[in-house]
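**Student:** Below is the file target-v8.pdb, with PDB, C-alpha atoms.
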ATOM      1  CA  MET K1265       0.824 -18.521  13.317
ATOM      2  CA  THR K1266       0.381 -20.897  16.243
ATOM      3  CA  ALA K1267       1.999 -24.279  16.560
ATOM      4  CA  ALA K1268      -1.409 -25.904  16.117
ATOM      5  CA  GLU K1269      -1.902 -24.099  12.831
ATOM      6  CA  ARG K1270       1.446 -25.389  11.583
ATOM      7  CA  THR K1271       0.849 -29.023  12.551
ATOM      8  CA  PRO K1272       0.917 -31.176   9.393
ATOM      9  CA  PRO K1273      -2.294 -33.094   8.694
ATOM     10  CA  GLN K1274      -2.407 -36.756   9.617
ATOM     11  CA  ASP K1275      -3.197 -37.782   6.063
ATOM     12  CA  PRO K1276      -0.322 -36.614   3.822
ATOM     13  CA  GLY K1277      -2.770 -36.001   1.005
ATOM     14  CA  SER K1278      -5.369 -34.119   3.012
ATOM     15  CA  TRP K1279      -3.962 -30.759   2.013
ATOM     16  CA  ARG K1280      -5.458 -31.329  -1.457
ATOM     17  CA  LEU K1281      -8.830 -29.701  -0.858
ATOM     18  CA  PHE K1282      -9.675 -29.779  -4.549
ATOM     19  CA  ARG K1283      -9.418 -33.244  -6.087
ATOM     20  CA  GLY K1284     -10.924 -32.681  -9.518
ATOM     21  CA  GLU K1285     -13.301 -35.624  -9.068
ATOM     22  CA  GLY K1286     -16.560 -33.769  -9.726
ATOM     23  CA  PRO K1287     -18.990 -34.572  -6.873
ATOM     24  CA  PRO K1288     -19.531 -31.680  -4.443
ATOM     25  CA  ARG K1289     -18.440 -32.100  -0.856
ATOM     26  CA  ARG K1290     -17.896 -29.944   2.225
ATOM     27  CA  VAL K1291     -14.406 -29.279   3.521
ATOM     28  CA  ASP K1292     -12.971 -27.473   6.511
ATOM     29  CA  MET K1293     -10.902 -24.659   5.057
ATOM     30  CA  PRO K1294      -7.478 -24.431   6.737
ATOM     31  CA  ALA K1295      -6.212 -21.259   8.380
ATOM     32  CA  ALA K1296      -5.030 -18.669   5.891
ATOM     33  CA  PRO K1297      -1.473 -17.323   5.945
ATOM     34  CA  PRO K1298      -1.106 -14.428   8.406
ATOM     35  CA  TRP K1299      -0.687 -11.993   5.524
ATOM     36  CA  ARG K1300      -3.992 -13.110   3.896
ATOM     37  CA  ARG K1301      -6.343 -12.775   6.890
ATOM     38  CA  PHE K1302      -8.317  -9.751   5.832
ATOM     39  CA  GLY K1303     -11.030  -9.886   8.484
ATOM     40  CA  GLU K1304      -8.548  -9.658  11.366
ATOM     41  CA  ARG K1305      -6.427  -6.774  10.149
ATOM     42  CA  GLN K1306      -4.805  -4.649  12.813
ATOM     43  CA  HIS K1307      -1.692  -3.384  11.116
ATOM     44  CA  THR K1308       0.612  -4.199   8.264
ATOM     45  CA  GLY K1309       4.050  -5.705   8.689
ATOM     46  CA  ALA K1310       6.991  -6.243   6.395
ATOM     47  CA  LEU K1311       6.518  -7.230   2.774
ATOM     48  CA  GLY K1312       2.938  -6.000   2.683
ATOM     49  CA  THR K1313       1.698  -8.679   5.042
ATOM     50  CA  THR K1314      -0.882  -8.060   7.705
ATOM     51  CA  ALA K1315      -0.271  -9.311  11.190
ATOM     52  CA  PRO K1316      -3.498 -10.075  13.082
ATOM     53  CA  GLY K1317      -1.845 -11.378  16.228
ATOM     54  CA  GLY K1318       0.751  -8.739  17.022
ATOM     55  CA  PRO K1319       3.365  -6.510  15.416
ATOM     56  CA  ARG K1320       5.882  -8.087  13.088
ATOM     57  CA  PRO K1321       9.026  -6.042  12.535
ATOM     58  CA  TYR K1322       9.843  -4.338   9.268
ATOM     59  CA  LEU K1323      13.363  -5.566   8.573
ATOM     60  CA  ILE K1324      15.541  -2.802   7.197
ATOM     61  CA  GLY K1325      19.274  -2.140   7.270
ATOM     62  CA  PRO K1326      20.874   0.710   9.239
ATOM     63  CA  ALA K1327      21.814   2.681   6.111
ATOM     64  CA  GLN K1328      18.288   2.480   4.716
ATOM     65  CA  ARG K1329      16.800   3.321   8.109
ATOM     66  CA  ASP K1330      18.864   6.502   8.300
ATOM     67  CA  ILE K1331      17.554   7.680   4.921
ATOM     68  CA  VAL K1332      13.984   7.198   6.152
ATOM     69  CA  ASN K1333      14.759   9.274   9.242
ATOM     70  CA  ALA K1334      16.346  12.005   7.141
ATOM     71  CA  ALA K1335      13.166  12.239   5.055
ATOM     72  CA  LEU K1336      11.082  12.516   8.226
ATOM     73  CA  HIS K1337      13.221  15.357   9.573
ATOM     74  CA  LEU K1338      13.375  17.240   6.260
ATOM     75  CA  ARG K1339       9.659  16.759   5.456
ATOM     76  CA  ARG K1340      10.652  15.544   2.025
ATOM     77  CA  PRO K1341       9.037  12.763  -0.030
ATOM     78  CA  LEU K1342      10.864   9.442   0.093
ATOM     79  CA  LEU K1343      11.339   7.829  -3.329
ATOM     80  CA  VAL K1344      11.716   4.089  -2.742
ATOM     81  CA  THR K1345      13.044   1.806  -5.471
ATOM     82  CA  GLY K1346      13.846  -1.876  -5.571
ATOM     83  CA  HIS K1347      12.748  -5.157  -7.093
ATOM     84  CA  PRO K1348       9.228  -6.504  -6.430
ATOM     85  CA  GLY K1349       8.951  -8.063  -2.991
ATOM     86  CA  THR K1350      11.668  -6.002  -1.308
ATOM     87  CA  GLY K1351       9.160  -4.179   0.911
ATOM     88  CA  LYS K1352       8.738  -0.829  -0.861
ATOM     89  CA  SER K1353       5.029  -0.349  -0.224
ATOM     90  CA  SER K1354       5.242  -1.959   3.206
ATOM     91  CA  LEU K1355       7.666   0.718   4.365
ATOM     92  CA  ALA K1356       4.846   3.268   4.495
ATOM     93  CA  HIS K1357       2.772   0.963   6.693
ATOM     94  CA  ALA K1358       5.751   0.263   8.941
ATOM     95  CA  VAL K1359       6.383   3.988   9.488
ATOM     96  CA  ALA K1360       2.699   4.686  10.156
ATOM     97  CA  HIS K1361       2.476   1.805  12.630
ATOM     98  CA  GLU K1362       5.684   2.541  14.539
ATOM     99  CA  LEU K1363       5.035   6.286  14.803
ATOM    100  CA  SER K1364       1.285   5.887  15.517
ATOM    101  CA  LEU K1365       0.291   8.058  12.564
ATOM    102  CA  GLY K1366      -2.949   6.264  11.746
ATOM    103  CA  PRO K1367      -3.998   4.331   8.646
ATOM    104  CA  VAL K1368      -1.961   4.821   5.496
ATOM    105  CA  LEU K1369      -3.576   6.841   2.717
ATOM    106  CA  ARG K1370      -2.789   5.016  -0.538
ATOM    107  CA  TRP K1371      -2.821   6.365  -4.073
ATOM    108  CA  PRO K1372      -2.201   3.510  -6.553
ATOM    109  CA  VAL K1373      -0.934   5.092  -9.771
ATOM    110  CA  ASN K1374      -1.647   3.753 -13.251
ATOM    111  CA  SER K1375      -1.379   5.086 -16.798
ATOM    112  CA  ARG K1376      -4.692   6.951 -16.461
ATOM    113  CA  SER K1377      -3.964   8.621 -13.115
ATOM    114  CA  THR K1378      -3.981  12.401 -12.863
ATOM    115  CA  LEU K1379      -3.125  14.785 -10.065
ATOM    116  CA  ALA K1380      -6.805  15.660  -9.740
ATOM    117  CA  ASP K1381      -7.548  12.032  -8.803
ATOM    118  CA  ALA K1382      -5.313  12.376  -5.762
ATOM    119  CA  LEU K1383      -6.551  15.823  -4.716
ATOM    120  CA  TYR K1384     -10.360  15.728  -4.803
ATOM    121  CA  HIS K1385     -13.447  14.643  -6.736
ATOM    122  CA  TYR K1386     -16.534  16.776  -7.352
ATOM    123  CA  ASP K1387     -19.705  14.870  -8.210
ATOM    124  CA  ALA K1388     -21.390  17.523 -10.347
ATOM    125  CA  VAL K1389     -23.819  15.040 -11.894
ATOM    126  CA  GLY K1390     -24.897  13.791  -8.475
ATOM    127  CA  ARG K1391     -25.457  17.339  -7.256
ATOM    128  CA  LEU K1392     -27.583  18.209 -10.296
ATOM    129  CA  ARG K1393     -29.674  15.072  -9.901
ATOM    130  CA  GLU K1394     -30.183  15.662  -6.180
ATOM    131  CA  THR K1395     -31.180  19.289  -6.792
ATOM    132  CA  ASN K1396     -33.761  18.302  -9.399
ATOM    133  CA  LEU K1397     -35.216  15.648  -7.115
ATOM    134  CA  ARG K1398     -35.565  18.085  -4.227
ATOM    135  CA  ARG K1399     -37.278  20.641  -6.475
ATOM    136  CA  GLN K1400     -39.911  18.050  -7.308
ATOM    137  CA  GLY K1401     -40.382  17.126  -3.668
ATOM    138  CA  ASP K1402     -39.873  18.719  -0.293
ATOM    139  CA  GLY K1403     -36.753  19.849   1.499
ATOM    140  CA  ASP K1404     -33.553  21.574   0.565
ATOM    141  CA  ALA K1405     -30.818  19.954  -1.477
ATOM    142  CA  PRO K1406     -27.543  19.203   0.343
ATOM    143  CA  GLY K1407     -24.843  21.840   0.131
ATOM    144  CA  ILE K1408     -22.004  21.605  -2.351
ATOM    145  CA  GLY K1409     -19.648  20.139   0.239
ATOM    146  CA  TYR K1410     -21.771  16.978   0.316
ATOM    147  CA  PHE K1411     -20.654  16.260  -3.268
ATOM    148  CA  ILE K1412     -16.915  16.849  -2.795
ATOM    149  CA  ARG K1413     -14.591  14.137  -1.538
ATOM    150  CA  LEU K1414     -10.887  14.686  -1.002
ATOM    151  CA  GLY K1415      -8.545  12.160  -2.548
ATOM    152  CA  PRO K1416      -5.658  10.496  -0.677
ATOM    153  CA  LEU K1417      -3.237  13.375  -1.279
ATOM    154  CA  GLY K1418      -5.879  15.977  -0.455
ATOM    155  CA  THR K1419      -6.750  14.164   2.771
ATOM    156  CA  ALA K1420      -3.073  13.840   3.726
ATOM    157  CA  LEU K1421      -2.659  17.602   3.496
ATOM    158  CA  VAL K1422      -5.478  18.552   5.879
ATOM    159  CA  SER K1423      -4.050  16.986   9.017
ATOM    160  CA  ASP K1424      -4.052  19.550  11.829
ATOM    161  CA  GLY K1425      -2.070  17.443  14.274
ATOM    162  CA  LEU K1426       0.339  14.641  13.532
ATOM    163  CA  PRO K1427       1.170  14.184   9.853
ATOM    164  CA  ARG K1428      -0.581  11.504   7.837
ATOM    165  CA  VAL K1429       1.304   8.857   5.851
ATOM    166  CA  LEU K1430       0.653   8.911   2.101
ATOM    167  CA  LEU K1431       1.746   6.010  -0.105
ATOM    168  CA  VAL K1432       2.062   6.944  -3.790
ATOM    169  CA  ASP K1433       2.354   3.457  -5.191
ATOM    170  CA  GLU K1434       4.209   2.801  -8.468
ATOM    171  CA  LEU K1435       4.532   6.379  -9.677
ATOM    172  CA  ASP K1436       6.583   5.161 -12.640
ATOM    173  CA  LYS K1437       3.413   3.658 -14.140
ATOM    174  CA  GLY K1438       1.815   7.099 -14.435
ATOM    175  CA  ASP K1439       1.919   9.675 -17.207
ATOM    176  CA  VAL K1440       5.309  11.213 -17.925
ATOM    177  CA  ASP K1441       4.099  14.619 -16.680
ATOM    178  CA  LEU K1442       2.639  13.367 -13.408
ATOM    179  CA  PRO K1443       5.841  13.797 -11.298
ATOM    180  CA  ASN K1444       6.115  17.424 -12.381
ATOM    181  CA  ASP K1445       2.425  17.964 -11.622
ATOM    182  CA  LEU K1446       3.088  16.810  -8.069
ATOM    183  CA  LEU K1447       5.912  19.292  -7.553
ATOM    184  CA  THR K1448       3.695  22.329  -7.016
ATOM    185  CA  VAL K1449       1.630  20.609  -4.334
ATOM    186  CA  PHE K1450       4.716  19.190  -2.624
ATOM    187  CA  GLU K1451       6.462  22.566  -2.623
ATOM    188  CA  GLU K1452       3.514  24.776  -1.649
ATOM    189  CA  GLY K1453       1.674  22.310   0.579
ATOM    190  CA  GLU K1454      -1.706  23.486  -0.685
ATOM    191  CA  PHE K1455      -4.157  23.358  -3.556
ATOM    192  CA  GLU K1456      -7.386  25.068  -4.583
ATOM    193  CA  ILE K1457     -10.848  23.605  -5.104
ATOM    194  CA  PRO K1458     -12.314  26.045  -7.672
ATOM    195  CA  GLU K1459     -15.896  24.907  -7.028
ATOM    196  CA  LEU K1460     -15.529  26.207  -3.472
ATOM    197  CA  SER K1461     -13.382  29.292  -4.068
ATOM    198  CA  ARG K1462     -16.072  30.642  -6.425
ATOM    199  CA  LEU K1463     -18.753  30.562  -3.741
ATOM    200  CA  PRO K1464     -20.219  33.967  -2.691
ATOM    201  CA  PRO K1465     -19.197  35.761   0.528
ATOM    202  CA  GLY K1466     -20.662  34.187   3.605
ATOM    203  CA  GLU K1467     -19.857  30.674   2.467
ATOM    204  CA  ASP K1468     -16.255  30.734   3.589
ATOM    205  CA  ASP K1469     -16.069  27.427   5.462
ATOM    206  CA  ILE K1470     -17.412  24.303   3.768
ATOM    207  CA  GLU K1471     -17.460  20.771   5.164
ATOM    208  CA  VAL K1472     -16.288  18.180   2.623
ATOM    209  CA  HIS K1473     -15.721  14.450   2.847
ATOM    210  CA  SER K1474     -12.250  13.022   3.343
ATOM    211  CA  ALA K1475     -10.881   9.909   1.692
ATOM    212  CA  ARG K1476     -11.492   7.973   4.904
ATOM    213  CA  GLY K1477     -15.074   6.807   5.352
ATOM    214  CA  GLY K1478     -17.536   9.347   6.746
ATOM    215  CA  ASP K1479     -14.935  11.778   8.111
ATOM    216  CA  THR K1480     -15.345  15.404   7.101
ATOM    217  CA  VAL K1481     -12.930  18.327   7.068
ATOM    218  CA  THR K1482     -13.454  22.070   6.798
ATOM    219  CA  VAL K1483     -12.103  23.899   3.748
ATOM    220  CA  HIS K1484     -11.702  27.692   4.056
ATOM    221  CA  ARG K1485     -12.316  29.773   0.925
ATOM    222  CA  GLY K1486     -11.704  26.773  -1.300
ATOM    223  CA  VAL K1487      -8.050  26.284  -0.336
ATOM    224  CA  VAL K1488      -6.760  23.100   1.256
ATOM    225  CA  ARG K1489      -3.578  24.021   3.115
ATOM    226  CA  CYS K1490      -1.460  21.672   5.187
ATOM    227  CA  GLN K1491      -0.317  22.403   8.728
ATOM    228  CA  GLU K1492       1.958  19.339   8.888
ATOM    229  CA  PHE K1493       3.441  18.092   5.635
ATOM    230  CA  PRO K1494       2.541  14.407   5.279
ATOM    231  CA  VAL K1495       5.009  11.541   5.338
ATOM    232  CA  VAL K1496       5.094  10.763   1.621
ATOM    233  CA  VAL K1497       6.445   7.405   0.458
ATOM    234  CA  ILE K1498       6.666   7.087  -3.333
ATOM    235  CA  THR K1499       7.464   3.686  -4.804
ATOM    236  CA  SER K1500       8.914   2.935  -8.218
ATOM    237  CA  ASN K1501       9.835  -0.288  -9.973
ATOM    238  CA  GLY K1502      12.329   1.558 -12.167
ATOM    239  CA  GLU K1503      10.255   1.367 -15.346
ATOM    240  CA  ARG K1504      10.964   5.012 -16.161
ATOM    241  CA  GLU K1505      13.303   7.801 -15.113
ATOM    242  CA  PHE K1506      11.922  10.844 -13.302
ATOM    243  CA  PRO K1507      12.680  14.506 -14.115
ATOM    244  CA  PRO K1508      15.702  16.014 -12.316
ATOM    245  CA  ALA K1509      13.516  18.699 -10.709
ATOM    246  CA  PHE K1510      11.391  15.991  -9.128
ATOM    247  CA  LEU K1511      14.365  13.922  -7.990
ATOM    248  CA  ARG K1512      15.944  16.994  -6.401
ATOM    249  CA  ARG K1513      12.973  17.332  -4.064
ATOM    250  CA  CYS K1514      12.961  13.695  -2.954
ATOM    251  CA  LEU K1515      15.252  11.567  -0.850
ATOM    252  CA  ARG K1516      16.072   8.352  -2.674
ATOM    253  CA  LEU K1517      16.088   4.957  -1.004
ATOM    254  CA  ASP K1518      16.959   1.763  -2.854
ATOM    255  CA  LEU K1519      15.971  -1.441  -1.075
ATOM    256  CA  PRO K1520      18.296  -4.321  -1.962
ATOM    257  CA  ASP K1521      17.225  -7.919  -2.450
ATOM    258  CA  PRO K1522      17.488  -9.644   0.931
ATOM    259  CA  ASP K1523      20.463 -11.945   1.405
ATOM    260  CA  GLU K1524      20.265 -15.374   3.026
ATOM    261  CA  GLU K1525      20.483 -14.005   6.566
ATOM    262  CA  ARG K1526      17.745 -11.460   5.918
ATOM    263  CA  LEU K1527      15.539 -14.085   4.247
ATOM    264  CA  ARG K1528      15.753 -16.310   7.301
ATOM    265  CA  ALA K1529      14.926 -13.356   9.545
ATOM    266  CA  ILE K1530      11.864 -12.559   7.408
ATOM    267  CA  VAL K1531      10.628 -16.154   7.572
ATOM    268  CA  ALA K1532      11.111 -16.163  11.341
ATOM    269  CA  ALA K1533       9.289 -12.840  11.724
ATOM    270  CA  HIS K1534       6.230 -14.069   9.861
ATOM    271  CA  LEU K1535       6.087 -17.795  10.611
ATOM    272  CA  GLY K1536       8.043 -18.140  13.849
ATOM    273  CA  ALA K1537      11.669 -19.014  14.571
ATOM    274  CA  ASP K1538      10.789 -22.685  15.000
ATOM    275  CA  ALA K1539       9.794 -22.760  11.324
ATOM    276  CA  LEU K1540      13.355 -22.259  10.079
ATOM    277  CA  PRO K1541      14.614 -25.860  10.399
ATOM    278  CA  GLN K1542      11.598 -27.098   8.450
ATOM    279  CA  VAL K1543      12.106 -24.753   5.505
ATOM    280  CA  ASP K1544      15.909 -24.651   5.291
ATOM    281  CA  ASP K1545      15.930 -26.460   1.947
ATOM    282  CA  LEU K1546      13.325 -24.045   0.583
ATOM    283  CA  VAL K1547      15.513 -21.068   1.424
ATOM    284  CA  ARG K1548      18.500 -22.653  -0.323
ATOM    285  CA  ALA K1549      16.431 -23.567  -3.386
ATOM    286  CA  PHE K1550      14.979 -20.055  -3.514
ATOM    287  CA  LEU K1551      18.445 -18.490  -3.449
ATOM    288  CA  ALA K1552      19.632 -20.843  -6.177
ATOM    289  CA  LYS K1553      16.702 -19.937  -8.435
ATOM    290  CA  ARG K1554      16.588 -16.217  -7.746
ATOM    291  CA  ALA K1555      17.893 -13.782 -10.311
ATOM    292  CA  PRO K1556      17.647 -10.009  -9.794
ATOM    293  CA  GLY K1557      14.030  -8.943 -10.099
ATOM    294  CA  GLU K1558      12.695 -12.366 -11.092
ATOM    295  CA  LEU K1559      11.489 -13.697  -7.733
ATOM    296  CA  ALA K1560       9.908 -11.959  -4.744
ATOM    297  CA  THR K1561      10.441 -12.734  -1.079
ATOM    298  CA  ASP K1562       6.739 -13.242  -0.439
ATOM    299  CA  GLN K1563       6.882 -16.164  -2.862
ATOM    300  CA  LEU K1564       9.309 -17.865  -0.491
ATOM    301  CA  LEU K1565       6.915 -17.148   2.373
ATOM    302  CA  ASN K1566       4.113 -18.788   0.406
ATOM    303  CA  ALA K1567       6.227 -21.900  -0.146
ATOM    304  CA  ALA K1568       7.238 -21.998   3.512
ATOM    305  CA  PHE K1569       3.635 -21.664   4.657
ATOM    306  CA  LEU K1570       2.588 -24.610   2.481
ATOM    307  CA  ARG K1571       5.483 -26.708   3.767
ATOM    308  CA  LEU K1572       4.525 -25.981   7.370
ATOM    309  CA  GLY K1573       0.946 -26.937   6.563
ATOM    310  CA  GLY K1574       2.017 -30.435   5.570
ATOM    311  CA  VAL K1575       2.160 -30.182   1.803
ATOM    312  CA  ASP K1576       3.827 -33.416   0.678
ATOM    313  CA  LEU K1577       6.113 -32.035  -2.013
ATOM    314  CA  ASP K1578       9.887 -31.826  -2.089
ATOM    315  CA  ALA K1579      11.561 -28.455  -2.195
ATOM    316  CA  GLU K1580      11.893 -28.301  -5.967
ATOM    317  CA  GLY K1581       8.335 -29.417  -6.636
ATOM    318  CA  LEU K1582       6.924 -27.051  -4.043
ATOM    319  CA  LEU K1583       8.863 -24.084  -5.355
ATOM    320  CA  GLU K1584       7.773 -24.803  -8.918
ATOM    321  CA  ALA K1585       4.157 -24.643  -7.731
ATOM    322  CA  VAL K1586       4.417 -21.195  -6.151
ATOM    323  CA  LEU K1587       7.416 -19.506  -7.780
ATOM    324  CA  HIS K1588       7.212 -17.939 -11.181
ATOM    325  CA  ARG K1589       9.188 -15.273 -12.907
ATOM    326  CA  LEU K1590       7.884 -11.754 -12.391
ATOM    327  CA  GLY K1591       8.890 -10.579 -15.833
ATOM    328  CA  GLY K1592       8.712 -11.823 -19.373
ATOM    329  CA  ALA K1593       6.255 -14.163 -21.061
ATOM    330  CA  LEU K1594       4.804 -17.043 -19.048
TER     331      LEU K1594
END
Give the structure from the file, written as structure tokens.
**Tutor:**
Amino acid sequence: MTAAERTPPQDPGSWRLFRGEGPPRRVDMPAAPPWRRFGERQHTGALGTTAPGGPRPYLIGPAQRDIVNAALHLRRPLLVTGHPGTGKSSLAHAVAHELSLGPVLRWPVNSRSTLADALYHYDAVGRLRETNLRRQGDGDAPGIGYFIRLGPLGTALVSDGLPRVLLVDELDKGDVDLPNDLLTVFEEGEFEIPELSRLPPGEDDIEVHSARGGDTVTVHRGVVRCQEFPVVVITSNGEREFPPAFLRRCLRLDLPDPDEERLRAIVAAHLGADALPQVDDLVRAFLAKRAPGELATDQLLNAAFLRLGGVDLDAEGLLEAVLHRLGGAL
């Protein structure tokens, strides 16, 4: 954020774009926070924010950093726990950015997620429809590979050079059997696509779509086999325990809530060091209100961004507008 973008408006009330008066009018929308500028994305920084103007550091302690490095050396999944807003998901983006491993492949897990979702999808209905249409007209129907798309885990396994970074986000929200389902793929580094392995001789190598846009990869005899095991970052909010067999194959990393010094460093990294004197009272109020797991650091960043934009509210009033508990009834 530039100094010009942080300059408070001349009219103390001009930050109120919506007045609730009824008549339509045109307004000049102010610059969005750096972490909400989707059209300018270049990479992702700490706390899940995107930095359009240059890299912002991912702030992590030496002990936590060493665990990440151990997982990289051992080619083991990294199971990251911590309260919301501690930077669990952002760690995957930070590793991918710093090691130049390309865009992160993300698998957001929910209660309906299955291992098949992460491996591949076969559009059998689309293939049948396309075949029928071609029979009625001219030309040959596309091959079976046209109707198969690898999922994020499947795409992560086919890298033939540097490993890809796979973010398995909120695994604890998935079915109780999902961690055990992942074990076979993590241990063997391969999986089978039956629709391809059943093809007759002569159709050994099939081009299929990857999870990334129009990229294609070649699958030999229906088996996707990794050459470089991906960098796997699994996040959990601690809603459920995982099986011992799964935990044994992961390295565990717990990210603590940032203390006052770390909070100030995060604000400086995202909004500039000159922002700190202007938001000192916000940091103190945030620390006074925060209970474990009830507030997230990005909420403080939101409050600081509004303050720097000239919002004419005191610290308590401003925090009440943007801070809310992350658990329990509202």
**Student:** Choose the residue, out of K:Trp1279, K:Phe1411, K:Trp1371, K:Phe1450, that has the smallest atom-to-atom separation from Thr1395 of chain K; count only C-alpha atoms.
**Tutor:**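 Ranking K:Trp1279, K:Phe1411, K:Trp1371, K:Phe1450 by distance to Thr1395 of chain K, first place goes to K:Phe1411.
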**Student:** I need the residue nearest Ala1509 of chain K from this list: K:Asp1445, K:Leu1551, K:Ala1475, K:Arg1526. Use all atoms listed in the file for the distance.
**Tutor:**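 Among the listed residues, K:Asp1445 lies closest to Ala1509 of chain K.
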**Student:** Can you give me, as a PyMOL selection string, the residues this file yields under the PyMOL selection byres ((chain K and resi 1455) around 6)?
**Tutor:** chain K and resi 1454+1456+1487-1488
**Student:** List the residues selected by the PyMOL selection byres ((chain K and resi 1343) around 8) in the file shown, writing them as a list of chain:residue names.
**Tutor:**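 So the PyMOL selection byres ((chain K and resi 1343) around 8), applied here, picks out K:Pro1341, K:Leu1342, K:Val1344, K:Thr1345, K:Val1497, K:Ile1498, K:Thr1499, K:Ser1500, K:Cys1514, K:Leu1515, K:Arg1516, K:Leu1517.
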**Student:** What is the distance, in Å and to one decimal place, between atom CA of Leu1572 of chain K and atom CA of Ala1356 of chain K?
**Tutor:** 29.4 Å
**Student:** Taking the structure I provided as the source, export segment 1521-1527 of chain K with all heavy atoms, as a PDB file, in the first residue's frame.
**Tutor:**
ATOM      1  N   ASP K1521      -0.827 -18.680  18.316  1.00  0.00           N
ATOM      2  CA  ASP K1521      -1.357 -17.333  18.103  1.00  0.00           C
ATOM      3  C   ASP K1521      -0.209 -16.336  18.215  1.00  0.00           C
ATOM      4  O   ASP K1521       0.618 -16.433  19.131  1.00  0.00           O
ATOM      5  CB  ASP K1521      -2.427 -17.000  19.145  1.00  0.00           C
ATOM      6  CG  ASP K1521      -3.683 -17.842  18.969  1.00  0.00           C
ATOM      7  OD1 ASP K1521      -3.982 -18.213  17.822  1.00  0.00           O
ATOM      8  OD2 ASP K1521      -4.358 -18.118  19.980  1.00  0.00           O
ATOM      9  N   PRO K1522      -0.131 -15.388  17.294  1.00  0.00           N
ATOM     10  CA  PRO K1522       0.979 -14.428  17.344  1.00  0.00           C
ATOM     11  C   PRO K1522       0.910 -13.538  18.577  1.00  0.00           C
ATOM     12  O   PRO K1522      -0.160 -13.081  18.975  1.00  0.00           O
ATOM     13  CB  PRO K1522       0.805 -13.623  16.049  1.00  0.00           C
ATOM     14  CG  PRO K1522      -0.626 -13.783  15.678  1.00  0.00           C
ATOM     15  CD  PRO K1522      -1.031 -15.146  16.149  1.00  0.00           C
ATOM     16  N   ASP K1523       2.069 -13.293  19.184  1.00  0.00           N
ATOM     17  CA  ASP K1523       2.126 -12.383  20.322  1.00  0.00           C
ATOM     18  C   ASP K1523       2.171 -10.944  19.822  1.00  0.00           C
ATOM     19  O   ASP K1523       2.081 -10.675  18.614  1.00  0.00           O
ATOM     20  CB  ASP K1523       3.333 -12.701  21.209  1.00  0.00           C
ATOM     21  CG  ASP K1523       4.661 -12.654  20.438  1.00  0.00           C
ATOM     22  OD1 ASP K1523       4.690 -12.082  19.332  1.00  0.00           O
ATOM     23  OD2 ASP K1523       5.659 -13.183  20.959  1.00  0.00           O
ATOM     24  N   GLU K1524       2.327  -9.992  20.754  1.00  0.00           N
ATOM     25  CA  GLU K1524       2.277  -8.588  20.367  1.00  0.00           C
ATOM     26  C   GLU K1524       3.373  -8.237  19.368  1.00  0.00           C
ATOM     27  O   GLU K1524       3.131  -7.528  18.376  1.00  0.00           O
ATOM     28  CB  GLU K1524       2.396  -7.692  21.612  1.00  0.00           C
ATOM     29  CG  GLU K1524       2.313  -6.202  21.279  1.00  0.00           C
ATOM     30  CD  GLU K1524       2.286  -5.331  22.525  1.00  0.00           C
ATOM     31  OE1 GLU K1524       2.231  -5.880  23.648  1.00  0.00           O
ATOM     32  OE2 GLU K1524       2.309  -4.092  22.381  1.00  0.00           O
ATOM     33  N   GLU K1525       4.580  -8.745  19.596  1.00  0.00           N
ATOM     34  CA  GLU K1525       5.681  -8.440  18.680  1.00  0.00           C
ATOM     35  C   GLU K1525       5.397  -8.977  17.282  1.00  0.00           C
ATOM     36  O   GLU K1525       5.632  -8.294  16.272  1.00  0.00           O
ATOM     37  CB  GLU K1525       6.979  -9.032  19.223  1.00  0.00           C
ATOM     38  CG  GLU K1525       8.190  -8.774  18.334  1.00  0.00           C
ATOM     39  CD  GLU K1525       9.449  -9.401  18.899  1.00  0.00           C
ATOM     40  OE1 GLU K1525       9.385 -10.006  19.990  1.00  0.00           O
ATOM     41  OE2 GLU K1525      10.502  -9.293  18.238  1.00  0.00           O
ATOM     42  N   ARG K1526       4.875 -10.205  17.215  1.00  0.00           N
ATOM     43  CA  ARG K1526       4.587 -10.797  15.916  1.00  0.00           C
ATOM     44  C   ARG K1526       3.433 -10.062  15.231  1.00  0.00           C
ATOM     45  O   ARG K1526       3.440  -9.880  14.004  1.00  0.00           O
ATOM     46  CB  ARG K1526       4.238 -12.282  16.097  1.00  0.00           C
ATOM     47  CG  ARG K1526       3.985 -13.040  14.812  1.00  0.00           C
ATOM     48  CD  ARG K1526       5.214 -13.103  13.908  1.00  0.00           C
ATOM     49  NE  ARG K1526       6.352 -13.696  14.573  1.00  0.00           N
ATOM     50  CZ  ARG K1526       6.556 -15.016  14.700  1.00  0.00           C
ATOM     51  NH1 ARG K1526       5.695 -15.849  14.197  1.00  0.00           N
ATOM     52  NH2 ARG K1526       7.631 -15.464  15.309  1.00  0.00           N
ATOM     53  N   LEU K1527       2.437  -9.636  16.009  1.00  0.00           N
ATOM     54  CA  LEU K1527       1.322  -8.887  15.419  1.00  0.00           C
ATOM     55  C   LEU K1527       1.816  -7.603  14.764  1.00  0.00           C
ATOM     56  O   LEU K1527       1.399  -7.250  13.655  1.00  0.00           O
ATOM     57  CB  LEU K1527       0.279  -8.566  16.492  1.00  0.00           C
ATOM     58  CG  LEU K1527      -0.652  -9.698  16.919  1.00  0.00           C
ATOM     59  CD1 LEU K1527      -1.528  -9.231  18.078  1.00  0.00           C
ATOM     60  CD2 LEU K1527      -1.522 -10.166  15.761  1.00  0.00           C
TER      61      LEU K1527
END
